[in-house]
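my_file_37.cif (mmCIF, C-alpha atoms) appears below.
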```cif
data_upload
#
loop_
_atom_site.group_PDB
_atom_site.id
_atom_site.type_symbol
_atom_site.label_atom_id
_atom_site.label_comp_id
_atom_site.auth_asym_id
_atom_site.auth_seq_id
_atom_site.Cartn_x
_atom_site.Cartn_y
_atom_site.Cartn_z
ATOM 1 C CA MET A 1026 0.000 0.000 0.000
ATOM 2 C CA PRO A 1027 1.210 3.524 -0.583
ATOM 3 C CA GLY A 1028 1.103 4.348 3.114
ATOM 4 C CA ASP A 1029 3.309 1.360 3.999
ATOM 5 C CA ALA A 1030 6.260 2.307 1.690
ATOM 6 C CA PRO A 1031 9.304 3.592 3.586
ATOM 7 C CA ALA A 1032 10.183 7.190 3.147
ATOM 8 C CA VAL A 1033 13.043 7.811 0.794
ATOM 9 C CA VAL A 1034 15.627 10.268 2.150
ATOM 10 C CA PRO A 1035 17.930 11.909 -0.419
ATOM 11 C CA ASP A 1036 21.630 11.147 -0.070
ATOM 12 C CA ALA A 1037 22.449 14.834 0.241
ATOM 13 C CA LEU A 1038 20.497 15.014 3.469
ATOM 14 C CA LEU A 1039 22.423 12.076 4.980
ATOM 15 C CA ASP A 1040 25.806 13.831 4.615
ATOM 16 C CA VAL A 1041 25.748 15.438 8.050
ATOM 17 C CA PRO A 1042 29.200 16.669 9.223
ATOM 18 C CA SER A 1043 30.435 15.365 12.553
ATOM 19 C CA GLU A 1044 31.512 18.866 13.648
ATOM 20 C CA PRO A 1045 29.324 21.954 13.682
ATOM 21 C CA ARG A 1046 29.649 24.299 10.785
ATOM 22 C CA PRO A 1047 31.468 27.563 11.398
ATOM 23 C CA HIS A 1048 28.378 29.629 10.816
ATOM 24 C CA ALA A 1049 26.508 27.728 13.453
ATOM 25 C CA VAL A 1050 28.540 29.306 16.296
ATOM 26 C CA PRO A 1051 27.862 32.977 16.922
ATOM 27 C CA ALA A 1052 31.031 34.973 16.289
ATOM 28 C CA ALA A 1053 30.194 38.042 18.347
ATOM 29 C CA LEU A 1054 29.664 36.723 21.850
ATOM 30 C CA PRO A 1055 30.911 39.104 24.564
ATOM 31 C CA HIS A 1056 32.664 36.339 26.537
ATOM 32 C CA ALA A 1057 34.519 35.039 23.462
ATOM 33 C CA VAL A 1058 36.728 38.133 23.103
ATOM 34 C CA PRO A 1059 39.975 37.376 24.984
ATOM 35 C CA ASP A 1060 41.454 40.844 24.658
ATOM 36 C CA ALA A 1061 38.568 42.821 26.083
ATOM 37 C CA PRO A 1062 39.632 45.725 28.285
ATOM 38 C CA HIS A 1063 37.963 44.289 31.394
ATOM 39 C CA VAL A 1064 40.154 41.201 31.489
ATOM 40 C CA VAL A 1065 43.505 43.044 31.672
ATOM 41 C CA PRO A 1066 44.752 42.240 35.212
ATOM 42 C CA ASP A 1067 47.292 45.038 35.515
ATOM 43 C CA ALA A 1068 45.036 47.935 34.557
ATOM 44 C CA PRO A 1069 44.736 50.445 37.408
ATOM 45 C CA HIS A 1070 40.919 50.460 37.204
ATOM 46 C CA ALA A 1071 40.574 46.670 37.126
ATOM 47 C CA VAL A 1072 40.232 46.323 40.914
ATOM 48 C CA PRO A 1073 37.890 48.890 42.446
ATOM 49 C CA GLY A 1074 39.185 50.331 45.651
ATOM 50 C CA ALA A 1075 42.690 48.829 45.272
ATOM 51 C CA GLY A 1076 45.847 50.813 45.914
ATOM 52 C CA HIS A 1077 48.069 52.422 43.336
ATOM 53 C CA VAL A 1078 49.594 49.917 40.917
ATOM 54 C CA PRO A 1079 53.010 51.082 39.601
ATOM 55 C CA VAL A 1080 53.476 50.904 35.866
ATOM 56 C CA ALA A 1081 56.946 49.957 34.581
ATOM 57 C CA ARG A 1082 58.564 52.481 32.272
ATOM 58 C CA ARG A 1083 60.435 51.536 29.159
ATOM 59 C CA THR A 1084 63.213 54.042 29.825
ATOM 60 C CA SER A 1085 65.334 53.201 32.855
ATOM 61 C CA LEU A 1086 66.442 56.802 33.481
ATOM 62 C CA LEU A 1087 64.764 60.034 32.546
ATOM 63 C CA THR A 1088 66.994 63.023 31.921
ATOM 64 C CA THR A 1089 64.435 65.351 33.508
ATOM 65 C CA GLU A 1090 64.629 63.474 36.820
ATOM 66 C CA ARG A 1091 68.387 63.950 37.356
ATOM 67 C CA PRO A 1092 70.227 67.280 37.303
ATOM 68 C CA ALA A 1093 72.944 68.105 34.801
ATOM 69 C CA LEU A 1094 76.576 67.630 35.748
ATOM 70 C CA PRO A 1095 78.561 70.751 36.715
ATOM 71 C CA VAL A 1096 81.197 72.345 34.495
ATOM 72 C CA PRO A 1097 84.077 74.735 35.346
ATOM 73 C CA ALA A 1098 82.998 78.304 35.969
ATOM 74 C CA GLU A 1099 85.035 79.502 32.979
ATOM 75 C CA LEU A 1100 82.843 77.400 30.646
ATOM 76 C CA THR A 1101 79.413 78.390 31.929
ATOM 77 C CA THR A 1102 79.071 80.850 29.051
ATOM 78 C CA LEU A 1103 79.397 77.984 26.584
ATOM 79 C CA LEU A 1104 77.543 75.390 28.683
ATOM 80 C CA PRO A 1105 74.993 77.348 30.730
ATOM 81 C CA ASP A 1106 73.089 74.145 31.589
ATOM 82 C CA GLY A 1107 76.205 72.125 32.397
ATOM 83 C CA LEU A 1108 76.686 68.667 30.919
ATOM 84 C CA ARG A 1109 73.103 67.691 30.198
ATOM 85 C CA ARG A 1110 72.325 64.039 30.799
ATOM 86 C CA GLY A 1111 71.552 62.123 27.649
ATOM 87 C CA GLY A 1112 73.566 64.531 25.484
ATOM 88 C CA THR A 1113 76.682 64.120 23.360
ATOM 89 C CA VAL A 1114 79.497 66.672 23.755
ATOM 90 C CA THR A 1115 82.548 66.721 21.469
ATOM 91 C CA VAL A 1116 85.785 68.437 22.534
ATOM 92 C CA LEU A 1117 88.416 68.917 19.825
ATOM 93 C CA GLY A 1118 91.962 70.192 20.056
ATOM 94 C CA SER A 1119 92.694 69.999 23.792
ATOM 95 C CA THR A 1120 93.091 67.000 26.093
ATOM 96 C CA SER A 1121 93.440 69.365 29.069
ATOM 97 C CA LEU A 1122 89.972 70.743 28.352
ATOM 98 C CA LEU A 1123 88.578 67.197 28.334
ATOM 99 C CA LEU A 1124 90.172 66.427 31.687
ATOM 100 C CA ALA A 1125 88.857 69.691 33.117
ATOM 101 C CA LEU A 1126 85.300 68.675 32.212
ATOM 102 C CA LEU A 1127 85.817 65.242 33.759
ATOM 103 C CA ALA A 1128 87.283 66.764 36.911
ATOM 104 C CA SER A 1129 84.341 69.104 37.376
ATOM 105 C CA ALA A 1130 81.878 66.234 36.907
ATOM 106 C CA CYS A 1131 83.760 64.010 39.376
ATOM 107 C CA ALA A 1132 83.814 66.856 41.897
ATOM 108 C CA GLY A 1133 80.019 66.655 41.873
ATOM 109 C CA GLY A 1134 80.106 62.933 42.719
ATOM 110 C CA ALA A 1135 79.874 61.509 39.189
ATOM 111 C CA TRP A 1136 81.612 58.375 37.902
ATOM 112 C CA ALA A 1137 83.619 58.618 34.682
ATOM 113 C CA ALA A 1138 85.264 56.304 32.154
ATOM 114 C CA LEU A 1139 87.977 56.700 29.490
ATOM 115 C CA VAL A 1140 87.636 54.448 26.450
ATOM 116 C CA GLY A 1141 90.159 54.519 23.615
ATOM 117 C CA GLN A 1142 92.055 57.578 24.918
ATOM 118 C CA PRO A 1143 95.587 56.324 25.690
ATOM 119 C CA THR A 1144 97.105 59.816 25.482
ATOM 120 C CA ALA A 1145 95.296 60.865 28.672
ATOM 121 C CA GLY A 1146 97.619 59.764 31.485
ATOM 122 C CA LEU A 1147 96.448 59.072 35.008
ATOM 123 C CA LEU A 1148 98.978 61.518 36.462
ATOM 124 C CA ALA A 1149 97.664 64.311 34.228
ATOM 125 C CA ALA A 1150 94.098 63.358 35.159
ATOM 126 C CA ALA A 1151 94.905 63.478 38.866
ATOM 127 C CA GLU A 1152 96.639 66.859 38.525
ATOM 128 C CA ALA A 1153 93.567 68.163 36.680
ATOM 129 C CA GLY A 1154 91.396 67.132 39.627
ATOM 130 C CA VAL A 1155 89.836 63.892 38.334
ATOM 131 C CA ALA A 1156 88.954 61.498 41.162
ATOM 132 C CA LEU A 1157 90.854 58.337 40.185
ATOM 133 C CA ASP A 1158 88.807 56.201 42.583
ATOM 134 C CA ARG A 1159 85.747 56.939 40.420
ATOM 135 C CA LEU A 1160 87.444 56.552 37.045
ATOM 136 C CA ALA A 1161 87.454 53.465 34.787
ATOM 137 C CA VAL A 1162 90.066 53.249 32.021
ATOM 138 C CA VAL A 1163 89.901 51.077 28.896
ATOM 139 C CA PRO A 1164 92.805 52.344 26.759
ATOM 140 C CA ALA A 1165 92.488 49.896 23.839
ATOM 141 C CA PRO A 1166 89.042 48.256 23.518
ATOM 142 C CA GLY A 1167 89.758 46.952 20.003
ATOM 143 C CA LEU A 1168 86.855 45.499 18.043
ATOM 144 C CA ASP A 1169 84.773 45.284 21.233
ATOM 145 C CA ALA A 1170 84.541 49.068 21.489
ATOM 146 C CA PRO A 1171 80.778 49.256 20.731
ATOM 147 C CA THR A 1172 80.018 46.671 23.418
ATOM 148 C CA VAL A 1173 82.362 48.262 25.956
ATOM 149 C CA VAL A 1174 80.971 51.765 25.475
ATOM 150 C CA ALA A 1175 77.368 50.520 25.597
ATOM 151 C CA ALA A 1176 78.018 48.659 28.859
ATOM 152 C CA LEU A 1177 79.646 51.715 30.438
ATOM 153 C CA LEU A 1178 76.777 53.977 29.400
ATOM 154 C CA ASP A 1179 74.455 51.746 31.413
ATOM 155 C CA GLY A 1180 76.174 52.472 34.727
ATOM 156 C CA VAL A 1181 78.622 55.397 34.403
ATOM 157 C CA ASP A 1182 77.671 59.077 34.423
ATOM 158 C CA VAL A 1183 80.277 60.343 31.912
ATOM 159 C CA VAL A 1184 81.899 58.163 29.233
ATOM 160 C CA LEU A 1185 84.762 59.694 27.231
ATOM 161 C CA VAL A 1186 85.328 57.992 23.862
ATOM 162 C CA GLY A 1187 88.691 58.603 22.197
ATOM 163 C CA PRO A 1188 90.180 57.962 18.750
ATOM 164 C CA GLU A 1189 91.314 54.398 19.575
ATOM 165 C CA ALA A 1190 87.697 53.209 19.848
ATOM 166 C CA ALA A 1191 86.826 51.577 16.516
ATOM 167 C CA LEU A 1192 83.266 52.721 15.810
ATOM 168 C CA THR A 1193 81.217 53.010 12.647
ATOM 169 C CA ASP A 1194 78.623 55.704 11.990
ATOM 170 C CA SER A 1195 75.837 53.247 12.828
ATOM 171 C CA ASP A 1196 77.599 52.406 16.102
ATOM 172 C CA ARG A 1197 77.792 56.092 16.962
ATOM 173 C CA ARG A 1198 74.073 56.566 16.309
ATOM 174 C CA ARG A 1199 73.178 53.602 18.495
ATOM 175 C CA LEU A 1200 75.466 54.740 21.307
ATOM 176 C CA ALA A 1201 74.065 58.276 21.216
ATOM 177 C CA ALA A 1202 70.560 56.825 21.466
ATOM 178 C CA ARG A 1203 71.653 54.626 24.374
ATOM 179 C CA ALA A 1204 73.092 57.641 26.184
ATOM 180 C CA ARG A 1205 69.753 59.438 25.805
ATOM 181 C CA GLU A 1206 67.918 56.390 27.150
ATOM 182 C CA ARG A 1207 70.216 55.796 30.116
ATOM 183 C CA GLY A 1208 70.717 59.439 31.070
ATOM 184 C CA SER A 1209 74.509 59.351 30.673
ATOM 185 C CA VAL A 1210 76.792 61.981 29.145
ATOM 186 C CA LEU A 1211 78.706 60.885 26.042
ATOM 187 C CA LEU A 1212 81.945 62.879 25.802
ATOM 188 C CA THR A 1213 84.078 62.423 22.679
ATOM 189 C CA SER A 1214 87.491 63.681 21.573
ATOM 190 C CA THR A 1215 86.902 62.920 17.869
ATOM 191 C CA PRO A 1216 84.286 64.273 15.432
ATOM 192 C CA TRP A 1217 80.908 62.722 16.232
ATOM 193 C CA PRO A 1218 78.001 63.132 13.764
ATOM 194 C CA GLY A 1219 74.911 64.563 15.453
ATOM 195 C CA ALA A 1220 76.669 65.817 18.594
ATOM 196 C CA ASN A 1221 74.608 68.259 20.623
ATOM 197 C CA VAL A 1222 77.575 70.501 21.511
ATOM 198 C CA VAL A 1223 81.005 70.814 19.856
ATOM 199 C CA LEU A 1224 83.799 72.641 21.705
ATOM 200 C CA THR A 1225 86.854 73.451 19.572
ATOM 201 C CA ALA A 1226 90.093 74.792 21.086
ATOM 202 C CA GLU A 1227 91.764 77.437 18.927
ATOM 203 C CA GLN A 1228 94.694 79.864 19.154
ATOM 204 C CA GLY A 1229 96.584 78.138 21.950
ATOM 205 C CA ARG A 1230 99.481 79.981 23.642
ATOM 206 C CA TRP A 1231 101.703 78.773 26.465
ATOM 207 C CA SER A 1232 103.039 81.037 29.202
ATOM 208 C CA GLY A 1233 105.577 80.747 31.961
ATOM 209 C CA VAL A 1234 108.849 80.314 30.082
ATOM 210 C CA GLY A 1235 111.438 83.076 30.417
ATOM 211 C CA THR A 1236 114.400 83.724 28.149
ATOM 212 C CA GLY A 1237 115.447 80.121 27.818
ATOM 213 C CA ASP A 1238 114.535 78.999 31.343
ATOM 214 C CA GLY A 1239 111.512 78.321 33.484
ATOM 215 C CA ARG A 1240 108.651 75.921 32.930
ATOM 216 C CA LEU A 1241 105.233 75.992 31.307
ATOM 217 C CA ARG A 1242 102.611 77.188 33.745
ATOM 218 C CA THR A 1243 99.450 78.155 31.848
ATOM 219 C CA HIS A 1244 97.889 77.402 28.485
ATOM 220 C CA GLU A 1245 95.741 80.190 27.086
ATOM 221 C CA LEU A 1246 93.329 79.264 24.327
ATOM 222 C CA ARG A 1247 90.040 80.250 22.754
ATOM 223 C CA VAL A 1248 87.167 77.762 22.939
ATOM 224 C CA VAL A 1249 84.489 77.986 20.231
ATOM 225 C CA ARG A 1250 81.092 76.389 20.736
ATOM 226 C CA THR A 1251 78.912 75.076 17.916
ATOM 227 C CA GLY A 1252 76.277 72.372 17.758
ATOM 228 C CA ARG A 1253 72.548 71.887 17.487
ATOM 229 C CA GLY A 1254 69.522 73.498 19.063
ATOM 230 C CA SER A 1255 70.476 76.229 21.518
ATOM 231 C CA ALA A 1256 74.159 75.605 20.733
ATOM 232 C CA ALA A 1257 73.728 76.384 17.045
ATOM 233 C CA VAL A 1258 74.742 80.017 17.632
ATOM 234 C CA ARG A 1259 78.534 80.223 17.407
ATOM 235 C CA THR A 1260 79.984 81.447 20.710
ATOM 236 C CA SER A 1261 83.585 81.716 21.891
ATOM 237 C CA VAL A 1262 85.366 82.431 25.167
ATOM 238 C CA ASP A 1263 89.027 82.825 26.159
ATOM 239 C CA VAL A 1264 90.191 80.588 28.993
ATOM 240 C CA ALA A 1265 93.488 79.756 30.703
ATOM 241 C CA LEU A 1266 94.286 76.170 31.617
ATOM 242 C CA PRO A 1267 94.340 74.672 34.178
ATOM 243 C CA LEU A 1268 90.772 75.762 34.869
ATOM 244 C CA GLY A 1269 89.600 76.669 38.330
ATOM 245 C CA ARG A 1270 93.063 77.540 39.652
ATOM 246 C CA PRO A 1271 94.666 80.964 40.094
ATOM 247 C CA ALA A 1272 97.215 81.674 37.402
ATOM 248 C CA PRO A 1273 100.755 81.918 38.830
ATOM 249 C CA ALA A 1274 103.121 84.741 38.047
ATOM 250 C CA LEU A 1275 104.367 84.490 34.491
ATOM 251 C CA VAL A 1276 107.895 85.717 35.266
ATOM 252 C CA GLU A 1277 109.647 84.843 38.490
ATOM 253 C CA PRO A 1278 111.382 87.730 40.339
ATOM 254 C CA ARG A 1279 115.076 87.915 39.586
ATOM 255 C CA ALA A 1280 117.915 89.458 41.616
ATOM 256 C CA SER A 1281 119.801 92.306 40.004
ATOM 257 C CA VAL A 1282 123.073 91.233 38.334
ATOM 258 C CA THR A 1283 126.095 93.157 39.682
ATOM 259 C CA ALA A 1284 129.880 92.685 39.701
ATOM 260 C CA ALA A 1285 129.703 91.509 43.294
ATOM 261 C CA SER A 1286 127.157 88.834 42.413
ATOM 262 C CA LEU A 1287 129.350 87.552 39.579
ATOM 263 C CA ALA A 1288 132.452 87.190 41.864
ATOM 264 C CA PRO A 1289 133.175 83.607 42.931
ATOM 265 C CA ALA A 1290 131.979 82.711 46.361
ATOM 266 C CA PRO A 1291 134.735 82.289 48.986
ATOM 267 C CA ALA A 1292 135.608 78.739 49.951
ATOM 268 C CA PRO A 1293 134.181 77.652 53.296
ATOM 269 C CA GLU A 1294 136.679 77.779 56.153
ATOM 270 C CA VAL A 1295 137.700 74.462 57.670
ATOM 271 C CA ALA A 1296 138.072 74.270 61.390
ATOM 272 C CA PRO A 1297 141.646 73.400 62.543
ATOM 273 C CA GLU A 1298 140.504 70.478 64.644
ATOM 274 C CA ALA A 1299 138.728 69.023 61.627
ATOM 275 C CA GLU A 1300 142.004 68.962 59.656
ATOM 276 C CA ASP A 1301 143.879 66.996 62.396
ATOM 277 C CA ALA A 1302 141.025 64.591 63.032
ATOM 278 C CA PRO A 1303 141.857 60.974 62.111
ATOM 279 C CA ALA A 1304 139.994 59.416 59.260
ATOM 280 C CA ALA A 1305 136.974 57.356 60.202
ATOM 281 C CA THR A 1306 137.589 53.641 60.191
ATOM 282 C CA LEU A 1307 135.187 50.795 59.568
ATOM 283 C CA ARG A 1308 134.632 48.271 62.318
ATOM 284 C CA LEU A 1309 132.784 44.975 62.026
ATOM 285 C CA VAL A 1310 130.054 44.645 64.606
ATOM 286 C CA GLY A 1311 128.519 41.292 65.485
#
```

Spit out the file's structure as structure tokens when you get a sec.
Amino acid sequence: MPGDAPAVVPDALLDVPSEPRPHAVPAALPHAVPDAPHVVPDAPHAVPGAGHVPVARRTSLLTTERPALPVPAELTTLLPDGLRRGGTVTVLGSTSLLLALLASACAGGAWAALVGQPTAGLLAAAEAGVALDRLAVVPAPGLDAPTVVAALLDGVDVVLVGPEAALTDSDRRRLAARARERGSVLLTSTPWPGANVVLTAEQGRWSGVGTGDGRLRTHELRVVRTGRGSAAVRTSVDVALPLGRPAPALVEPRASVTAASLAPAPAPEVAPEAEDAPAATLRLVG
């Protein structure tokens, strides 16, 4: 009978997938969004009534949080803000001027380092006023100069980079950026592209030598400042090295030359008893 015949189901309807189809699951459920703002655990507003939650900064040191390093009084016209942290200062033409800047910074409690500057002796640094107990010296870093300078910038206030540090232009850019990030002062004695301040020593003149005698006492020179930003205006000042010390007399006082002064001095008289005294003899003891 027609009513007793089994129902015929098309084969297409029997092909039922074992897993639900993608469109069967709603894609816009509120609880299915893992990056919703309310699930961030370290947001300050995540816990009502909780205390202040400190947020870590990407920069370890901020230049605005630490004061600039002091400079000698004779250079305040060129560096009115001192050695600004995070900046790059180039000094050309005078090692004594470099040591004077280091000495002034160390006097304020800063730590310093010399990298690739073998011409700067420790005796000269000590006479300039550099605190040797807060000075690190790497005279010849070789091919590891970029790594050495970067490591020192992480923990030293002033890092002086000399001509013996083998650096490329890309290394210099990275080190300048690291100094800005760490709040250190990068001091260089060779041309440095992008330096904030450039101090150039010109017209040097030594004083203290007489007519073939005497010794060098002072070094007079003109320091010219150039650079970027506020240092773009060319400014110069005349200084006498060593800085911060009173200049001694240039010519020592001399006695007047007379015939009496040119006469040979009389021989010292020998006491009579000294002439008859027996010669000292050696005696073995013990």

**Request:** Please provide as a PyMOL selection string all residues within 8 Å of stretch 1141-1148 of chain A, with the sequence filter that same-chain residues fewer than 5 positions apart are discarded (counting all atoms listed in the file).
**Result:** chain A and resi 1120+1157+1163-1166+1185-1190

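Across A:Val1096, A:Val1155, A:Leu1103, A:Ala1138, the tightest approach to A:Asp1182 is made by A:Ala1138 when counting only C-alpha atoms.
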
Using all atoms listed in the file, the shortest atom-to-atom distance to A:Ala1176 among A:Arg1207, A:Arg1159, A:Arg1242, A:Arg1253 belongs to A:Arg1207

Wanna dump the stretch 1163-1259 of chain A-stretch 1127-1131 of chain A contacts at 12 Å for me, each residue with its shortest atom pair and the distance in Å to one decimal, counting only C-alpha atoms, ordered by chain and number, as JSON lines?
```
{"residue": "A:Val1181", "atom": "CA", "partner": "A:Cys1131", "partner_atom": "CA", "distance": 11.2}
{"residue": "A:Asp1182", "atom": "CA", "partner": "A:Ala1130", "partner_atom": "CA", "distance": 8.7}
{"residue": "A:Val1183", "atom": "CA", "partner": "A:Leu1127", "partner_atom": "CA", "distance": 7.6}
{"residue": "A:Val1184", "atom": "CA", "partner": "A:Leu1127", "partner_atom": "CA", "distance": 9.3}
{"residue": "A:Leu1185", "atom": "CA", "partner": "A:Leu1127", "partner_atom": "CA", "distance": 8.6}
{"residue": "A:Ser1209", "atom": "CA", "partner": "A:Ala1130", "partner_atom": "CA", "distance": 11.9}
{"residue": "A:Val1210", "atom": "CA", "partner": "A:Ala1130", "partner_atom": "CA", "distance": 10.2}
{"residue": "A:Leu1211", "atom": "CA", "partner": "A:Leu1127", "partner_atom": "CA", "distance": 11.4}
{"residue": "A:Leu1212", "atom": "CA", "partner": "A:Leu1127", "partner_atom": "CA", "distance": 9.2}
{"residue": "A:Thr1213", "atom": "CA", "partner": "A:Leu1127", "partner_atom": "CA", "distance": 11.6}
```

Those selected residues, please, written with C-alpha atoms and delivered as a PDB file, in the coordinates of the input.
```pdb
ATOM      1  CA  VAL A1181      78.622  55.397  34.403  1.00  0.00           C
ATOM      2  CA  ASP A1182      77.671  59.077  34.423  1.00  0.00           C
ATOM      3  CA  VAL A1183      80.277  60.343  31.912  1.00  0.00           C
ATOM      4  CA  VAL A1184      81.899  58.163  29.233  1.00  0.00           C
ATOM      5  CA  LEU A1185      84.762  59.694  27.231  1.00  0.00           C
ATOM      6  CA  SER A1209      74.509  59.351  30.673  1.00  0.00           C
ATOM      7  CA  VAL A1210      76.792  61.981  29.145  1.00  0.00           C
ATOM      8  CA  LEU A1211      78.706  60.885  26.042  1.00  0.00           C
ATOM      9  CA  LEU A1212      81.945  62.879  25.802  1.00  0.00           C
ATOM     10  CA  THR A1213      84.078  62.423  22.679  1.00  0.00           C
TER      11      THR A1213
END
```

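Closest to A:Trp1231 among A:Ala1256, A:Ala1170, A:Leu1104, A:Ala1265 is A:Ala1265, based on all atoms listed in the file.
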
Convert the output of the PyMOL selection byres ((chain A and resi 1198) around 12) on the shown file into explicit residues, formatted as a PDB file with C-alpha atoms, keeping the file's coordinate frame.
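Writing done, so here's expr_39.pdb:
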```pdb
ATOM      1  CA  THR A1113      76.682  64.120  23.360  1.00  0.00           C
ATOM      2  CA  PRO A1171      80.778  49.256  20.731  1.00  0.00           C
ATOM      3  CA  ALA A1175      77.368  50.520  25.597  1.00  0.00           C
ATOM      4  CA  LEU A1192      83.266  52.721  15.810  1.00  0.00           C
ATOM      5  CA  THR A1193      81.217  53.010  12.647  1.00  0.00           C
ATOM      6  CA  ASP A1194      78.623  55.704  11.990  1.00  0.00           C
ATOM      7  CA  SER A1195      75.837  53.247  12.828  1.00  0.00           C
ATOM      8  CA  ASP A1196      77.599  52.406  16.102  1.00  0.00           C
ATOM      9  CA  ARG A1197      77.792  56.092  16.962  1.00  0.00           C
ATOM     10  CA  ARG A1199      73.178  53.602  18.495  1.00  0.00           C
ATOM     11  CA  LEU A1200      75.466  54.740  21.307  1.00  0.00           C
ATOM     12  CA  ALA A1201      74.065  58.276  21.216  1.00  0.00           C
ATOM     13  CA  ALA A1202      70.560  56.825  21.466  1.00  0.00           C
ATOM     14  CA  ARG A1203      71.653  54.626  24.374  1.00  0.00           C
ATOM     15  CA  ALA A1204      73.092  57.641  26.184  1.00  0.00           C
ATOM     16  CA  ARG A1205      69.753  59.438  25.805  1.00  0.00           C
ATOM     17  CA  LEU A1211      78.706  60.885  26.042  1.00  0.00           C
ATOM     18  CA  TRP A1217      80.908  62.722  16.232  1.00  0.00           C
ATOM     19  CA  PRO A1218      78.001  63.132  13.764  1.00  0.00           C
ATOM     20  CA  GLY A1219      74.911  64.563  15.453  1.00  0.00           C
ATOM     21  CA  ALA A1220      76.669  65.817  18.594  1.00  0.00           C
TER      22      ALA A1220
END
```

Who sits within 7 Å of A:Ser1232, all atoms listed in the file, same chain under 6 positions skipped, as an MDAnalysis selection string: chainID A and resid 1241:1244 1275

As a check of understanding: the span from atom CA of A:Arg1091 to atom CA of A:Ser1261 is 28.0 Å

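With atom CA of A:Thr1215 on one side and atom CA of A:Gly1118 on the other, the separation reads 9.1 Å.
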
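Atom CA of A:Ala1150 is found 23.0 Å from atom CA of A:Gln1228.
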
Using all atoms listed in the file, find all polymer residues with an atom at most 8 Å away from the point (82.0, 83.8, 19.1); report them as a tab-separated table (two decimals) with C-alpha atoms, in the frame of the given file.
```tsv
chain	number	residue	atom	x	y	z
A	1249	VAL	CA	84.49	77.99	20.23
A	1250	ARG	CA	81.09	76.39	20.74
A	1259	ARG	CA	78.53	80.22	17.41
A	1260	THR	CA	79.98	81.45	20.71
A	1261	SER	CA	83.58	81.72	21.89
A	1262	VAL	CA	85.37	82.43	25.17
```

Take stretch 1142-1152 of chain A, model N, CA, C and O atoms, and hand the result over as a PDB file, in the coordinates of the input.
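Once everything was written out, this is selection_7.pdb:
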```pdb
ATOM      1  N   GLN A1142      91.346  56.296  24.798  1.00  0.00           N
ATOM      2  CA  GLN A1142      92.055  57.578  24.918  1.00  0.00           C
ATOM      3  C   GLN A1142      93.370  57.328  25.639  1.00  0.00           C
ATOM      4  O   GLN A1142      93.578  57.737  26.783  1.00  0.00           O
ATOM      5  N   PRO A1143      94.329  56.649  24.992  1.00  0.00           N
ATOM      6  CA  PRO A1143      95.587  56.324  25.690  1.00  0.00           C
ATOM      7  C   PRO A1143      96.467  57.529  25.956  1.00  0.00           C
ATOM      8  O   PRO A1143      97.362  57.450  26.801  1.00  0.00           O
ATOM      9  N   THR A1144      96.255  58.642  25.271  1.00  0.00           N
ATOM     10  CA  THR A1144      97.105  59.816  25.482  1.00  0.00           C
ATOM     11  C   THR A1144      96.781  60.539  26.786  1.00  0.00           C
ATOM     12  O   THR A1144      97.569  61.387  27.218  1.00  0.00           O
ATOM     13  N   ALA A1145      95.665  60.233  27.401  1.00  0.00           N
ATOM     14  CA  ALA A1145      95.296  60.865  28.672  1.00  0.00           C
ATOM     15  C   ALA A1145      95.870  60.026  29.805  1.00  0.00           C
ATOM     16  O   ALA A1145      95.357  58.955  30.136  1.00  0.00           O
ATOM     17  N   GLY A1146      96.982  60.492  30.400  1.00  0.00           N
ATOM     18  CA  GLY A1146      97.619  59.764  31.485  1.00  0.00           C
ATOM     19  C   GLY A1146      96.906  59.961  32.808  1.00  0.00           C
ATOM     20  O   GLY A1146      96.213  60.961  33.030  1.00  0.00           O
ATOM     21  N   LEU A1147      97.084  58.984  33.701  1.00  0.00           N
ATOM     22  CA  LEU A1147      96.448  59.072  35.008  1.00  0.00           C
ATOM     23  C   LEU A1147      97.055  60.185  35.855  1.00  0.00           C
ATOM     24  O   LEU A1147      96.357  60.819  36.647  1.00  0.00           O
ATOM     25  N   LEU A1148      98.362  60.427  35.709  1.00  0.00           N
ATOM     26  CA  LEU A1148      98.978  61.518  36.462  1.00  0.00           C
ATOM     27  C   LEU A1148      98.405  62.865  36.029  1.00  0.00           C
ATOM     28  O   LEU A1148      98.085  63.722  36.863  1.00  0.00           O
ATOM     29  N   ALA A1149      98.255  63.063  34.716  1.00  0.00           N
ATOM     30  CA  ALA A1149      97.664  64.311  34.228  1.00  0.00           C
ATOM     31  C   ALA A1149      96.213  64.436  34.681  1.00  0.00           C
ATOM     32  O   ALA A1149      95.750  65.527  35.018  1.00  0.00           O
ATOM     33  N   ALA A1150      95.483  63.310  34.696  1.00  0.00           N
ATOM     34  CA  ALA A1150      94.098  63.358  35.159  1.00  0.00           C
ATOM     35  C   ALA A1150      94.018  63.721  36.636  1.00  0.00           C
ATOM     36  O   ALA A1150      93.163  64.516  37.046  1.00  0.00           O
ATOM     37  N   ALA A1151      94.919  63.158  37.436  1.00  0.00           N
ATOM     38  CA  ALA A1151      94.905  63.478  38.866  1.00  0.00           C
ATOM     39  C   ALA A1151      95.281  64.931  39.103  1.00  0.00           C
ATOM     40  O   ALA A1151      94.686  65.612  39.954  1.00  0.00           O
ATOM     41  N   GLU A1152      96.265  65.453  38.362  1.00  0.00           N
ATOM     42  CA  GLU A1152      96.639  66.859  38.525  1.00  0.00           C
ATOM     43  C   GLU A1152      95.525  67.793  38.071  1.00  0.00           C
ATOM     44  O   GLU A1152      95.415  68.913  38.574  1.00  0.00           O
TER      45      GLU A1152
END
```
